[in-house]
file run.cif (mmCIF, C-alpha atoms)
data_coords
loop_
_atom_site.group_PDB
_atom_site.id
_atom_site.type_symbol
_atom_site.label_atom_id
_atom_site.label_comp_id
_atom_site.auth_asym_id
_atom_site.auth_seq_id
_atom_site.Cartn_x
_atom_site.Cartn_y
_atom_site.Cartn_z
ATOM 1 C CA MET E 1 0.000 0.000 0.000
ATOM 2 C CA SER E 2 1.358 3.356 -0.932
ATOM 3 C CA SER E 3 2.020 6.096 1.593
ATOM 4 C CA ALA E 4 -0.567 8.357 -0.073
ATOM 5 C CA LYS E 5 -3.246 5.732 0.498
ATOM 6 C CA LYS E 6 -2.141 5.301 4.126
ATOM 7 C CA THR E 7 -2.267 9.059 4.662
ATOM 8 C CA LEU E 8 -5.717 9.267 3.083
ATOM 9 C CA ILE E 9 -7.017 6.413 5.245
ATOM 10 C CA GLY E 10 -5.530 8.107 8.321
ATOM 11 C CA VAL E 11 -7.156 11.454 7.482
ATOM 12 C CA ILE E 12 -10.516 9.771 6.837
ATOM 13 C CA ALA E 13 -10.248 7.893 10.136
ATOM 14 C CA VAL E 14 -9.482 11.131 12.028
ATOM 15 C CA VAL E 15 -12.386 12.931 10.316
ATOM 16 C CA VAL E 16 -14.766 10.060 11.123
ATOM 17 C CA ILE E 17 -13.616 9.994 14.761
ATOM 18 C CA LEU E 18 -13.989 13.781 15.073
ATOM 19 C CA ALA E 19 -17.435 13.616 13.460
ATOM 20 C CA ILE E 20 -18.503 10.928 15.948
ATOM 21 C CA VAL E 21 -17.142 12.954 18.892
ATOM 22 C CA PHE E 22 -18.886 16.157 17.781
ATOM 23 C CA TYR E 23 -22.135 14.339 17.030
ATOM 24 C CA SER E 24 -22.035 12.658 20.442
ATOM 25 C CA MET E 25 -21.356 15.960 22.181
ATOM 26 C CA PHE E 26 -24.165 17.802 20.391
ATOM 27 C CA ALA E 27 -26.719 14.990 20.481
ATOM 28 C CA GLY E 28 -25.920 14.107 24.085
ATOM 29 C CA ASN E 29 -26.174 17.693 25.275
ATOM 30 C CA TYR E 30 -29.297 18.384 23.240
ATOM 31 C CA ASN E 31 -31.020 15.302 24.643
ATOM 32 C CA ARG E 32 -29.970 16.244 28.164
ATOM 33 C CA PHE E 33 -31.392 19.760 27.705
ATOM 34 C CA VAL E 34 -34.662 18.275 26.465
ATOM 35 C CA GLN E 35 -34.841 15.972 29.507
ATOM 36 C CA MET E 36 -34.077 18.835 31.885
ATOM 37 C CA ASP E 37 -36.650 21.052 30.199
ATOM 38 C CA GLU E 38 -39.234 18.278 30.593
ATOM 39 C CA THR E 39 -38.319 17.985 34.273
ATOM 40 C CA ILE E 40 -38.898 21.723 34.681
ATOM 41 C CA GLN E 41 -42.251 21.490 32.878
ATOM 42 C CA SER E 42 -43.284 18.538 35.023
ATOM 43 C CA SER E 43 -42.216 20.311 38.206
ATOM 44 C CA TRP E 44 -44.119 23.425 37.181
ATOM 45 C CA ALA E 45 -47.219 21.287 36.505
ATOM 46 C CA GLN E 46 -47.011 20.014 40.089
ATOM 47 C CA VAL E 47 -46.739 23.594 41.376
ATOM 48 C CA GLU E 48 -49.778 24.519 39.291
ATOM 49 C CA ASN E 49 -51.734 21.553 40.669
ATOM 50 C CA GLN E 50 -51.213 22.838 44.185
ATOM 51 C CA LEU E 51 -51.885 26.450 43.192
ATOM 52 C CA GLN E 52 -55.149 25.305 41.606
ATOM 53 C CA ARG E 53 -56.090 23.524 44.827
ATOM 54 C CA ARG E 54 -55.508 26.756 46.740
ATOM 55 C CA TYR E 55 -57.371 28.714 44.074
ATOM 56 C CA ASP E 56 -60.380 26.400 44.495
ATOM 57 C CA LEU E 57 -60.368 26.679 48.322
ATOM 58 C CA ILE E 58 -60.348 30.471 48.398
ATOM 59 C CA PRO E 59 -64.033 31.164 47.539
ATOM 60 C CA ASN E 60 -65.187 28.890 50.374
ATOM 61 C CA LEU E 61 -62.807 30.515 52.815
ATOM 62 C CA VAL E 62 -63.837 34.023 51.752
ATOM 63 C CA GLU E 63 -67.540 33.197 52.070
ATOM 64 C CA THR E 64 -67.056 31.738 55.537
ATOM 65 C CA VAL E 65 -65.113 34.765 56.761
ATOM 66 C CA LYS E 66 -67.497 37.135 54.980
ATOM 67 C CA GLY E 67 -70.395 35.879 57.069
ATOM 68 C CA TYR E 68 -68.604 36.970 60.233
ATOM 69 C CA ALA E 69 -66.870 40.118 59.068
ATOM 70 C CA GLU E 70 -69.095 41.883 56.565
ATOM 71 C CA HIS E 71 -67.479 45.274 57.199
ATOM 72 C CA GLU E 72 -64.031 44.001 56.091
ATOM 73 C CA ARG E 73 -65.047 44.408 52.452
ATOM 74 C CA ASP E 74 -61.633 45.752 51.265
ATOM 75 C CA VAL E 75 -59.899 42.511 52.189
ATOM 76 C CA PHE E 76 -62.499 40.426 50.346
ATOM 77 C CA VAL E 77 -62.191 42.598 47.244
ATOM 78 C CA GLU E 78 -58.403 42.316 47.359
ATOM 79 C CA VAL E 79 -58.512 38.501 47.653
ATOM 80 C CA THR E 80 -61.065 38.260 44.852
ATOM 81 C CA GLN E 81 -59.021 40.508 42.557
ATOM 82 C CA ALA E 82 -55.798 38.624 43.322
ATOM 83 C CA ARG E 83 -57.556 35.324 42.621
ATOM 84 C CA SER E 84 -58.821 36.743 39.318
ATOM 85 C CA ARG E 85 -55.263 37.774 38.304
ATOM 86 C CA VAL E 86 -54.109 34.205 38.983
ATOM 87 C CA GLY E 87 -56.785 32.901 36.627
ATOM 88 C CA GLN E 88 -55.739 35.357 33.908
ATOM 89 C CA ALA E 89 -51.963 34.861 34.148
ATOM 90 C CA GLY E 90 -50.438 33.292 31.048
ATOM 91 C CA SER E 91 -46.680 32.855 31.293
ATOM 92 C CA VAL E 92 -44.782 31.243 34.169
ATOM 93 C CA PRO E 93 -43.396 34.604 35.425
ATOM 94 C CA GLU E 94 -46.910 36.121 35.318
ATOM 95 C CA LYS E 95 -48.301 33.143 37.236
ATOM 96 C CA ILE E 96 -45.555 33.434 39.830
ATOM 97 C CA GLU E 97 -46.243 37.147 40.326
ATOM 98 C CA ALA E 98 -50.022 36.664 40.490
ATOM 99 C CA ASN E 99 -49.714 33.843 43.018
ATOM 100 C CA ASN E 100 -47.362 35.908 45.151
ATOM 101 C CA GLU E 101 -50.019 38.658 45.214
ATOM 102 C CA LEU E 102 -52.631 36.064 46.147
ATOM 103 C CA SER E 103 -50.452 34.800 48.996
ATOM 104 C CA GLY E 104 -50.248 38.313 50.425
ATOM 105 C CA ALA E 105 -54.012 38.829 50.125
ATOM 106 C CA LEU E 106 -54.678 35.491 51.819
ATOM 107 C CA SER E 107 -52.443 36.396 54.745
ATOM 108 C CA ARG E 108 -54.456 39.600 55.199
ATOM 109 C CA LEU E 109 -57.699 37.589 55.062
ATOM 110 C CA LEU E 110 -56.436 35.286 57.792
ATOM 111 C CA LEU E 111 -55.494 38.326 59.888
ATOM 112 C CA VAL E 112 -59.105 39.489 59.610
ATOM 113 C CA ALA E 113 -60.236 36.065 60.779
ATOM 114 C CA GLU E 114 -58.079 36.411 63.897
ATOM 115 C CA ARG E 115 -60.252 39.336 65.025
ATOM 116 C CA TYR E 116 -63.381 37.173 65.280
ATOM 117 C CA PRO E 117 -63.315 34.547 68.058
ATOM 118 C CA ASP E 118 -66.615 32.962 66.905
ATOM 119 C CA LEU E 119 -65.155 32.477 63.435
ATOM 120 C CA LYS E 120 -62.034 30.837 64.813
ATOM 121 C CA ALA E 121 -64.281 28.270 66.544
ATOM 122 C CA ASN E 122 -66.386 27.599 63.418
ATOM 123 C CA GLN E 123 -65.746 24.025 62.238
ATOM 124 C CA ASN E 124 -66.126 24.882 58.557
ATOM 125 C CA PHE E 125 -63.594 27.695 58.872
ATOM 126 C CA LEU E 126 -61.170 25.498 60.828
ATOM 127 C CA LYS E 127 -61.408 22.765 58.206
ATOM 128 C CA LEU E 128 -60.844 25.241 55.373
ATOM 129 C CA GLN E 129 -57.950 26.842 57.248
ATOM 130 C CA ASP E 130 -56.333 23.420 57.770
ATOM 131 C CA GLU E 131 -56.782 22.538 54.097
ATOM 132 C CA LEU E 132 -55.290 25.858 53.078
ATOM 133 C CA ALA E 133 -52.321 25.364 55.427
ATOM 134 C CA GLY E 134 -51.745 21.879 54.004
ATOM 135 C CA THR E 135 -51.959 23.254 50.485
ATOM 136 C CA GLU E 136 -49.487 26.032 51.293
ATOM 137 C CA ASN E 137 -47.058 23.361 52.549
ATOM 138 C CA ARG E 138 -47.530 21.368 49.341
ATOM 139 C CA ILE E 139 -46.942 24.509 47.297
ATOM 140 C CA ALA E 140 -43.703 25.142 49.210
ATOM 141 C CA VAL E 141 -42.473 21.595 48.514
ATOM 142 C CA GLU E 142 -43.386 21.718 44.821
ATOM 143 C CA ARG E 143 -41.889 25.209 44.479
ATOM 144 C CA MET E 144 -38.645 23.877 45.981
ATOM 145 C CA ARG E 145 -38.596 20.948 43.526
ATOM 146 C CA TYR E 146 -39.291 23.278 40.623
ATOM 147 C CA ASN E 147 -36.506 25.653 41.680
ATOM 148 C CA GLU E 148 -34.087 22.712 42.020
ATOM 149 C CA ALA E 149 -34.897 21.614 38.460
ATOM 150 C CA VAL E 150 -34.473 25.198 37.221
ATOM 151 C CA ARG E 151 -31.153 25.547 39.053
ATOM 152 C CA GLU E 152 -29.750 22.346 37.529
ATOM 153 C CA TYR E 153 -30.963 23.304 34.052
ATOM 154 C CA ASN E 154 -29.692 26.900 34.232
ATOM 155 C CA GLN E 155 -26.370 25.751 35.625
ATOM 156 C CA THR E 156 -25.963 23.254 32.806
ATOM 157 C CA ILE E 157 -26.815 25.600 29.940
ATOM 158 C CA ARG E 158 -24.407 28.196 31.310
ATOM 159 C CA SER E 159 -21.500 25.704 31.492
ATOM 160 C CA PHE E 160 -18.823 25.166 28.858
ATOM 161 C CA PRO E 161 -19.265 23.653 26.193
ATOM 162 C CA GLU E 162 -23.005 23.177 26.834
ATOM 163 C CA ARG E 163 -23.510 26.932 26.488
ATOM 164 C CA PHE E 164 -22.739 26.720 22.759
ATOM 165 C CA VAL E 165 -25.087 23.792 22.208
ATOM 166 C CA ALA E 166 -27.847 25.532 24.218
ATOM 167 C CA GLY E 167 -27.423 28.716 22.184
ATOM 168 C CA LEU E 168 -27.402 26.802 18.921
ATOM 169 C CA PHE E 169 -30.724 25.099 19.705
ATOM 170 C CA GLY E 170 -32.393 28.060 21.448
ATOM 171 C CA PHE E 171 -32.433 26.784 25.031
ATOM 172 C CA GLU E 172 -32.741 29.745 27.403
ATOM 173 C CA GLU E 173 -32.570 30.117 31.162
ATOM 174 C CA ALA E 174 -35.761 29.259 33.048
ATOM 175 C CA ALA E 175 -37.386 31.540 35.642
ATOM 176 C CA TYR E 176 -37.183 30.712 39.339
ATOM 177 C CA TYR E 177 -40.296 30.801 41.507
ATOM 178 C CA GLU E 178 -39.241 33.487 43.952
ATOM 179 C CA PRO E 179 -41.181 34.621 47.018
ATOM 180 C CA PRO E 180 -42.808 38.043 47.026
ATOM 181 C CA ALA E 181 -40.808 40.970 48.403
ATOM 182 C CA GLU E 182 -42.969 41.198 51.540
ATOM 183 C CA ALA E 183 -42.028 37.611 52.447
ATOM 184 C CA ARG E 184 -38.438 38.755 52.937
ATOM 185 C CA GLU E 185 -39.440 41.128 55.739
ATOM 186 C CA ALA E 186 -40.071 39.933 59.277
ATOM 187 C CA PRO E 187 -43.750 40.335 60.192
ATOM 188 C CA ALA E 188 -44.634 42.853 62.882
ATOM 189 C CA VAL E 189 -46.117 41.124 65.901
ATOM 190 C CA LYS E 190 -48.257 43.241 68.207
ATOM 191 C CA PHE E 191 -50.008 42.188 71.379
#
call {"tool": "encode", "arguments": {"input": "run.cif", "output": "structure tokens"}}
result
Amino acid sequence: MSSAKKTLIGVIAVVVILAIVFYSMFAGNYNRFVQMDETIQSSWAQVENQLQRRYDLIPNLVETVKGYAEHERDVFVEVTQARSRVGQAGSVPEKIEANNELSGALSRLLLVAERYPDLKANQNFLKLQDELAGTENRIAVERMRYNEAVREYNQTIRSFPERFVAGLFGFEEAAYYEPPAEAREAPAVKF
């Protein structure tokens, strides 16, 4: 075999090996991004399930409190408007913002309930309050899982060489579910 043929076979072998390496890198990273994106979507669906549960509990809670505290109309309007914004939110960031507003309105509603001892003893109210507390705990767990999936995904698409593959296929950073600004402040407790 001539040296030209050997050189040609060597060059072809190197090109084939490089092609396999590049294909593996791109296909492997692309598939991993797709899996991570699906994990984020699945995690967000679980958050939405719990947010929907809370959304469904709110009218019953408002009606129960309303019967005891008719003159607290501003709080009821605020909760109703916040609930409406949750129903109208489209994108994930809009849903996060609307649900943060709803959380704040709900905390004000529960503060109103504290002013009425008869309401606090009402079995229907206690049951609804327990369900809401359980739902808030579920939301916290699902929000944590969602944020973990977002963190892993964002960390991966910002790493080298994955950043190039992510940019090539249009994968962008996902939004975290962050608490509202008022949650960062310590509540004022007055006796």
call {"tool": "resolve_selection", "arguments": {"input": "run.cif", "expression": "the PyMOL selection byres ((chain E and resi 172) around 10)", "output": "NGL selection string"}}
result
:E and (37 or 153-154 or 157-158 or 163 or 166-167 or 169-171 or 173-175)
call {"tool": "residues_near_point", "arguments": {"input": "run.cif", "point": "(-53.7, 37.0, 55.6)", "cutoff": "12 Å", "atoms": "all atoms listed in the file", "output": "PyMOL selection string"}}
result
chain E and resi 58+61-62+65+75-76+78-79+101-115+129+132-133+187
call {"tool": "residues_around", "arguments": {"input": "run.cif", "residues": "Val150 of chain E", "least_positions_apart": "3", "cutoff": "10 Å", "atoms": "all atoms listed in the file", "output": "list in words"}}
result
Met36, Asp37, Thr39, Ile40, Gln41, Ser43, Trp44, Met144, Arg145, Tyr146, Asn147, Tyr153, Asn154, Gln155, Thr156, Glu173, Ala174, Ala175, Tyr176 and Tyr177 of chain E
call {"tool": "atom_distance", "arguments": {"input": "run.cif", "atom1": "atom CA of Ala98 of chain E", "atom2": "atom CA of Val86 of chain E"}}
result
5.0 Å
call {"tool": "atom_distance", "arguments": {"input": "run.cif", "atom1": "atom CA of Ile139 of chain E", "atom2": "atom CA of Asn49 of chain E"}}
result
8.7 Å
call {"tool": "residues_near_point", "arguments": {"input": "run.cif", "point": "(-63.0, 32.5, 40.1)", "cutoff": "12 Å", "atoms": "all atoms listed in the file", "output": "PyMOL selection string"}}
result
chain E and resi 52+54-60+62+79-88
call {"tool": "write_last_selection", "arguments": {"input": "run.cif", "atoms": "C-alpha atoms", "output": "mmCIF file, in the frame of the given file"}}
result
data_model
loop_
_atom_site.group_PDB
_atom_site.id
_atom_site.type_symbol
_atom_site.label_atom_id
_atom_site.label_comp_id
_atom_site.auth_asym_id
_atom_site.auth_seq_id
_atom_site.Cartn_x
_atom_site.Cartn_y
_atom_site.Cartn_z
ATOM 1 C CA GLN E 52 -55.149 25.305 41.606
ATOM 2 C CA ARG E 54 -55.508 26.756 46.740
ATOM 3 C CA TYR E 55 -57.371 28.714 44.074
ATOM 4 C CA ASP E 56 -60.380 26.400 44.495
ATOM 5 C CA LEU E 57 -60.368 26.679 48.322
ATOM 6 C CA ILE E 58 -60.348 30.471 48.398
ATOM 7 C CA PRO E 59 -64.033 31.164 47.539
ATOM 8 C CA ASN E 60 -65.187 28.890 50.374
ATOM 9 C CA VAL E 62 -63.837 34.023 51.752
ATOM 10 C CA VAL E 79 -58.512 38.501 47.653
ATOM 11 C CA THR E 80 -61.065 38.260 44.852
ATOM 12 C CA GLN E 81 -59.021 40.508 42.557
ATOM 13 C CA ALA E 82 -55.798 38.624 43.322
ATOM 14 C CA ARG E 83 -57.556 35.324 42.621
ATOM 15 C CA SER E 84 -58.821 36.743 39.318
ATOM 16 C CA ARG E 85 -55.263 37.774 38.304
ATOM 17 C CA VAL E 86 -54.109 34.205 38.983
ATOM 18 C CA GLY E 87 -56.785 32.901 36.627
ATOM 19 C CA GLN E 88 -55.739 35.357 33.908
#
call {"tool": "axis_aligned_box", "arguments": {"input": "run.cif", "around": "segment 167-179 of chain E", "padding_each_side": "3 Å", "output": "lines of an AutoDock Vina configuration file"}}
result
center_x = -34.3
center_y = 29.9
center_z = 33.0
size_x = 19.8
size_y = 15.5
size_z = 34.1
call {"tool": "atom_distance", "arguments": {"input": "run.cif", "atom1": "atom CA of Asn99 of chain E", "atom2": "atom CA of Glu152 of chain E"}}
result
23.7 Å
call {"tool": "closest_residue", "arguments": {"input": "run.cif", "among": "E:Ile17, E:Glu38, E:Leu8, E:Gly28", "to": "Val165 of chain E", "atoms": "only C-alpha atoms"}}
result
E:Gly28
